[in-house]
Every structure is written in structure tokens, then in C-alpha cells.
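Accompanying notes for the structure given below.
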Amino acid sequence: MAVAYTAQNRHLTVALSGEIDHHRVRGLLEDMDRELDEVLPHTLVVDCRGITFMDSSGIAVLLRLWKRMEALGGTIQVTGLPEQPARVLRAAGLQRLFPLD
Amino acid sequence: MRTIKYTNQVSLVFPSRSANESFARSAAAAFAAQLDPTLDELGDVKTAVSEAVTNAIVHAYPDTLGKVELKLRIYPGNELELIIRDWGIGIPDIDQARTPLFTTGNEERSGMGFTIMESFMDSVKVKSVPGKGTTVTLRKRFALRAGGKV
């Protein structure tokens with residue numbers, strides 16, 4: 001599984017790596033939901049440094065995390081985005097939800 | 001109809017298994033490499049192919065496995081054409097399918113597939129007949145670089 005979680009108090013880091021596509025995202029959403037239910041984070045950091053490819057399936061992942069953090073009243077930060085996934089997220093207008101650095 | 005003859009072509013046929021999404025976009029990138037693309041251009045091709053092939057896998061054959069064909073062609077003028085064809089259920093309303101955020105899929109889908117294809121390709125054409133299948137034709141022209149090909 002190319003997703004790693006680091007939780008401390010109510011701070012959670014989700015590190016995604018490898019190729020994020022429809023094939024991979026099946027299962028990933030449920031996995032992330034379980035982790036969020038357990039930690040109930042105030043702050044969530046999505047570390048994207050290890051992503052080698054991402055298509056619109058990644059948009060679904062980030063939108064889901066964003067919605068979950070809205071419901072929890074917490075904040076979400078996306079960090080370390082390589083250029084290819086950043087282009088996909090910008091094409092979808094996701095910079096309006098959170099800064100894409 | 002296009003009358004100019006392509007200078008190179010490959011055709012791949014594979015079953016609509018999601019494991020083949022990665023194969024299809026990698027094959028497209030490998031074929032496009034002969035056009036001397038930048039890394040960004042190569043990323044755009046991979047992304048657009050991934051979207052079109054995933055649509056075929058998820059939406060054309062929702063409950064069965066079917067055949068997906070990926071045709072890659074190079075035309076004079078450094079132009080790449082990618083044709084993604086399926087023989088699935090078809091799209092009843094193409095304009096609706098191309099609307100950002102519209103999806104008939106579940107939460108795994110964002111409804112942004114066509115928007116991404118349109119952003120990254122020069123043109124996106126969709127032909128679909130309900131019950132017969134769908135053909136998506138993507139085109140992209142690559143910049144000629146100094147010191148590049150003859």
C-alpha cells in the first residue's frame with residue numbers, strides 16, 4: 001500500500017506515493033476514511049512528494065479529504081506536489097479549495 | 001474527414017481491467033517519445049489517456065469485461081492522435097458527460113475526466129452510439145525544438 005499515515009495527537013499526515021489512478025484509488029478511499037475516523041484530526045497534511053503520476057482519480061481523493069476535514073472543522077494542507085499532479089489539480093480548479101504549492 | 005496519411009501507427013487491444021490503465025498510458029508515452037516531447041507534454045499525454053481509458057473501463061462496461069482499443073498515430077507536423085474505442089453501452093448525452101463535475105460513477109470518480117482531457121489536449125472529439133460503443137479522439141501537436149529531429 002503506497003500510503004503512509006503519521007498521527008500525533010490530533011495531527012495527521014497522509015503521505016501518498018506512486019501512481020494515483022482509478023485502479024489504485026479503489027480501496028484507498030476506504031482506508032483513508034478508517035484512519036480519519038480513528039484520529040479525528042484537527043489538522044491534516046497531505047504529503048504528495050512521492051507521487052509519480054496522478055489523474056482525475058486523485059481529485060476525488062483530495063475532494064473527499066477536504067470534505068471530511070470540513071465536517072471535522074479542521075484544516076487541510078497539500079504539500080510537496082510534483083508538477084504533473086499539480087497541473088491536474090489546477091486544471092480542475094482545486095487551488096480554490098487549498099493552496100497548491 | 002482527415003485525408004493526410006499518418007506516418008506511424010500502433011494499435012493495442014486489451015480487456016477493460018483497471019490494471020490496464022497504467023499499461024495504456026505508459027504505452028502511449030513510450031510511443032509519443034519519438035516526437036521529442038518535454039516532460040510536461042509527456043505527462044499531459046499520459047494523463048489524457050488515463051482519463052479516456054478509465055472512462056471506457058468504468059462507464060462503457062459497468063458490469064462486464066469488454067474490449068478497449070487504443071490507437072496511436074503520428075501525423076506530419078509533429079502531431080499525435082490518440083483514439084480510444086470501446087464497444088460498451090455508449091453515452092446517452094455527450095454534452096452532459098463533458099460537463100465538469102458530472103459523473104454517473106461513485107465517489108471514486110470526480111467527474112473531471114473530460115475537463116482534464118480538454119485542458120491537456122489540443123482537441124477532444126467524442127462519438128458515441130448507445131448500445132454500440134464510444135470513440136474518443138484526442139489530438140496534440142508537439143513543439144519542434146532547436147536541435148531536435150530532422
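The chains in the C-alpha cells are called A, B, ... from first to last as shown; in each chain the residues are counted from 1, and the ligands are counted from 1 in the order shown.
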
Report as CSV the residues of chain B within 8 Å of chain A, each with its shortest atom pair and distance in Å (one decimal), using only C-alpha atoms, ordered by chain and increasing residue number.
residue,atom,partner,partner_atom,distance
B:Ser18,CA,A:His23,CA,5.1
B:Ala19,CA,A:His23,CA,6.0
B:Glu21,CA,A:His23,CA,7.3
B:Ser22,CA,A:Asp21,CA,8.0
B:Asp40,CA,A:Gln84,CA,6.9
B:Gly43,CA,A:Gln84,CA,6.0
B:Asp44,CA,A:Gln84,CA,7.8
B:Thr47,CA,A:Asp55,CA,5.6
B:Ser50,CA,A:Asp55,CA,6.7
B:Glu51,CA,A:Asp55,CA,6.8
B:Thr54,CA,A:His22,CA,6.9
B:Glu107,CA,A:Ala60,CA,7.0
B:Glu108,CA,A:Ala60,CA,5.9
B:Arg109,CA,A:Ala60,CA,5.8
B:Ser110,CA,A:Ala60,CA,4.8
B:Met112,CA,A:Ser56,CA,6.2
B:Gly113,CA,A:Ser56,CA,6.0
B:Thr115,CA,A:Ala92,CA,7.3
B:Ile116,CA,A:Ala91,CA,6.3
B:Ser119,CA,A:Ala91,CA,6.4

Please identify the strand (DSSP E or B) residues within chain A (assignment by DSSP from backbone atoms) and present them as a ChimeraX atom specification. /A:3-8,11-20,43-54,75-79,100

DSSP-assigned helix (DSSP H, G or I) among chain A, expressed as number ranges by chain: A: 22-39, 56-72, 83-91, 94-96

Print the selection's residues with N, CA and C atoms to a file, as a compact mmCIF listing (two decimals), in the first residue's frame.
# COMPACT_ATOMS: atom_id res chain seq x y z
N HIS A 22 -7.41 5.34 -11.06
CA HIS A 22 -8.65 4.68 -10.66
C HIS A 22 -8.39 3.30 -10.05
N HIS A 23 -7.43 2.59 -10.64
CA HIS A 23 -7.09 1.25 -10.15
C HIS A 23 -6.61 1.30 -8.70
N ARG A 24 -5.77 2.29 -8.40
CA ARG A 24 -5.20 2.41 -7.06
C ARG A 24 -6.19 2.99 -6.05
N VAL A 25 -7.04 3.91 -6.55
CA VAL A 25 -7.91 4.65 -5.63
C VAL A 25 -8.99 3.74 -5.02
N ARG A 26 -9.34 2.69 -5.76
CA ARG A 26 -10.29 1.72 -5.18
C ARG A 26 -9.61 1.14 -3.94
N GLY A 27 -10.24 1.28 -2.83
CA GLY A 27 -9.63 0.77 -1.61
C GLY A 27 -8.93 1.86 -0.82
N LEU A 28 -8.28 2.80 -1.52
CA LEU A 28 -7.56 3.87 -0.83
C LEU A 28 -8.52 4.78 -0.06
N LEU A 29 -9.68 5.07 -0.67
CA LEU A 29 -10.65 5.95 -0.01
C LEU A 29 -11.14 5.36 1.30
N GLU A 30 -11.49 4.07 1.27
CA GLU A 30 -11.96 3.41 2.49
C GLU A 30 -10.87 3.37 3.55
N ASP A 31 -9.67 3.12 3.11
CA ASP A 31 -8.53 3.07 4.01
C ASP A 31 -8.32 4.42 4.70
N MET A 32 -8.40 5.49 3.92
CA MET A 32 -8.21 6.82 4.50
C MET A 32 -9.36 7.18 5.44
N ASP A 33 -10.57 6.76 5.07
CA ASP A 33 -11.72 7.03 5.94
C ASP A 33 -11.55 6.39 7.31
N ARG A 34 -11.06 5.16 7.32
CA ARG A 34 -10.84 4.45 8.59
C ARG A 34 -9.84 5.20 9.45
N GLU A 35 -8.76 5.68 8.81
CA GLU A 35 -7.72 6.39 9.54
C GLU A 35 -8.26 7.71 10.11
N LEU A 36 -9.02 8.42 9.31
CA LEU A 36 -9.60 9.69 9.78
C LEU A 36 -10.58 9.46 10.93
N ASP A 37 -11.37 8.38 10.84
CA ASP A 37 -12.32 8.06 11.92
C ASP A 37 -11.59 7.78 13.22
N GLU A 38 -10.42 7.21 13.11
CA GLU A 38 -9.65 6.85 14.29
C GLU A 38 -8.97 8.07 14.91
N VAL A 39 -8.35 8.89 14.10
CA VAL A 39 -7.54 10.01 14.59
C VAL A 39 -8.40 11.26 14.85
N SER A 56 -7.42 12.19 -12.73
CA SER A 56 -8.54 12.81 -12.01
C SER A 56 -9.01 11.98 -10.81
N SER A 57 -8.56 10.73 -10.72
CA SER A 57 -8.88 9.94 -9.53
C SER A 57 -8.31 10.60 -8.28
N GLY A 58 -7.18 11.28 -8.43
CA GLY A 58 -6.57 11.99 -7.31
C GLY A 58 -7.40 13.18 -6.87
N ILE A 59 -8.14 13.77 -7.83
CA ILE A 59 -9.04 14.87 -7.48
C ILE A 59 -10.10 14.35 -6.52
N ALA A 60 -10.64 13.15 -6.84
CA ALA A 60 -11.66 12.55 -5.97
C ALA A 60 -11.11 12.31 -4.57
N VAL A 61 -9.85 11.89 -4.50
CA VAL A 61 -9.22 11.63 -3.20
C VAL A 61 -9.12 12.93 -2.39
N LEU A 62 -8.58 13.98 -3.02
CA LEU A 62 -8.39 15.24 -2.28
C LEU A 62 -9.73 15.90 -1.93
N LEU A 63 -10.71 15.78 -2.85
CA LEU A 63 -12.02 16.34 -2.53
C LEU A 63 -12.65 15.63 -1.34
N ARG A 64 -12.47 14.31 -1.28
CA ARG A 64 -13.01 13.54 -0.16
C ARG A 64 -12.35 13.97 1.15
N LEU A 65 -11.01 14.12 1.12
CA LEU A 65 -10.30 14.54 2.33
C LEU A 65 -10.73 15.95 2.74
N TRP A 66 -10.89 16.82 1.75
CA TRP A 66 -11.31 18.19 2.03
C TRP A 66 -12.69 18.20 2.71
N LYS A 67 -13.62 17.41 2.16
CA LYS A 67 -14.98 17.33 2.74
C LYS A 67 -14.94 16.79 4.16
N ARG A 68 -14.13 15.75 4.35
CA ARG A 68 -14.03 15.16 5.70
C ARG A 68 -13.49 16.18 6.70
N MET A 69 -12.47 16.95 6.29
CA MET A 69 -11.89 17.94 7.20
C MET A 69 -12.84 19.10 7.45
N GLU A 70 -13.64 19.47 6.45
CA GLU A 70 -14.68 20.48 6.65
C GLU A 70 -15.65 19.99 7.73
N ALA A 71 -16.08 18.73 7.61
CA ALA A 71 -17.03 18.16 8.57
C ALA A 71 -16.43 18.09 9.97
N LEU A 72 -15.13 17.86 10.04
CA LEU A 72 -14.46 17.76 11.35
C LEU A 72 -14.09 19.15 11.88
N GLU A 83 5.12 18.47 -10.41
CA GLU A 83 4.48 19.27 -11.45
C GLU A 83 3.28 18.58 -12.11
N GLN A 84 3.42 17.28 -12.44
CA GLN A 84 2.33 16.62 -13.17
C GLN A 84 1.02 16.60 -12.37
N PRO A 85 1.03 16.13 -11.12
CA PRO A 85 -0.22 16.20 -10.36
C PRO A 85 -0.70 17.63 -10.12
N ALA A 86 0.23 18.57 -9.99
CA ALA A 86 -0.19 19.97 -9.78
C ALA A 86 -0.96 20.48 -10.99
N ARG A 87 -0.51 20.09 -12.19
CA ARG A 87 -1.22 20.52 -13.41
C ARG A 87 -2.64 19.96 -13.44
N VAL A 88 -2.80 18.70 -13.01
CA VAL A 88 -4.12 18.07 -12.99
C VAL A 88 -5.04 18.80 -12.00
N LEU A 89 -4.52 19.09 -10.82
CA LEU A 89 -5.34 19.74 -9.79
C LEU A 89 -5.70 21.17 -10.19
N ARG A 90 -4.74 21.86 -10.82
CA ARG A 90 -5.03 23.23 -11.27
C ARG A 90 -6.09 23.22 -12.38
N ALA A 91 -6.00 22.24 -13.31
CA ALA A 91 -6.98 22.15 -14.40
C ALA A 91 -8.39 21.94 -13.84
N LEU A 94 -8.74 23.16 -8.24
CA LEU A 94 -8.65 22.85 -6.82
C LEU A 94 -7.85 23.88 -6.00
N GLN A 95 -7.13 24.78 -6.71
CA GLN A 95 -6.43 25.84 -5.97
C GLN A 95 -7.42 26.77 -5.27
N ARG A 96 -8.72 26.67 -5.65
CA ARG A 96 -9.72 27.49 -4.96
C ARG A 96 -10.07 26.90 -3.60

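Shortest atom-to-atom contact with B:Phe23 among B:Ile74, B:Pro37, B:Val53, B:Thr3: B:Val53, counting only C-alpha atoms.
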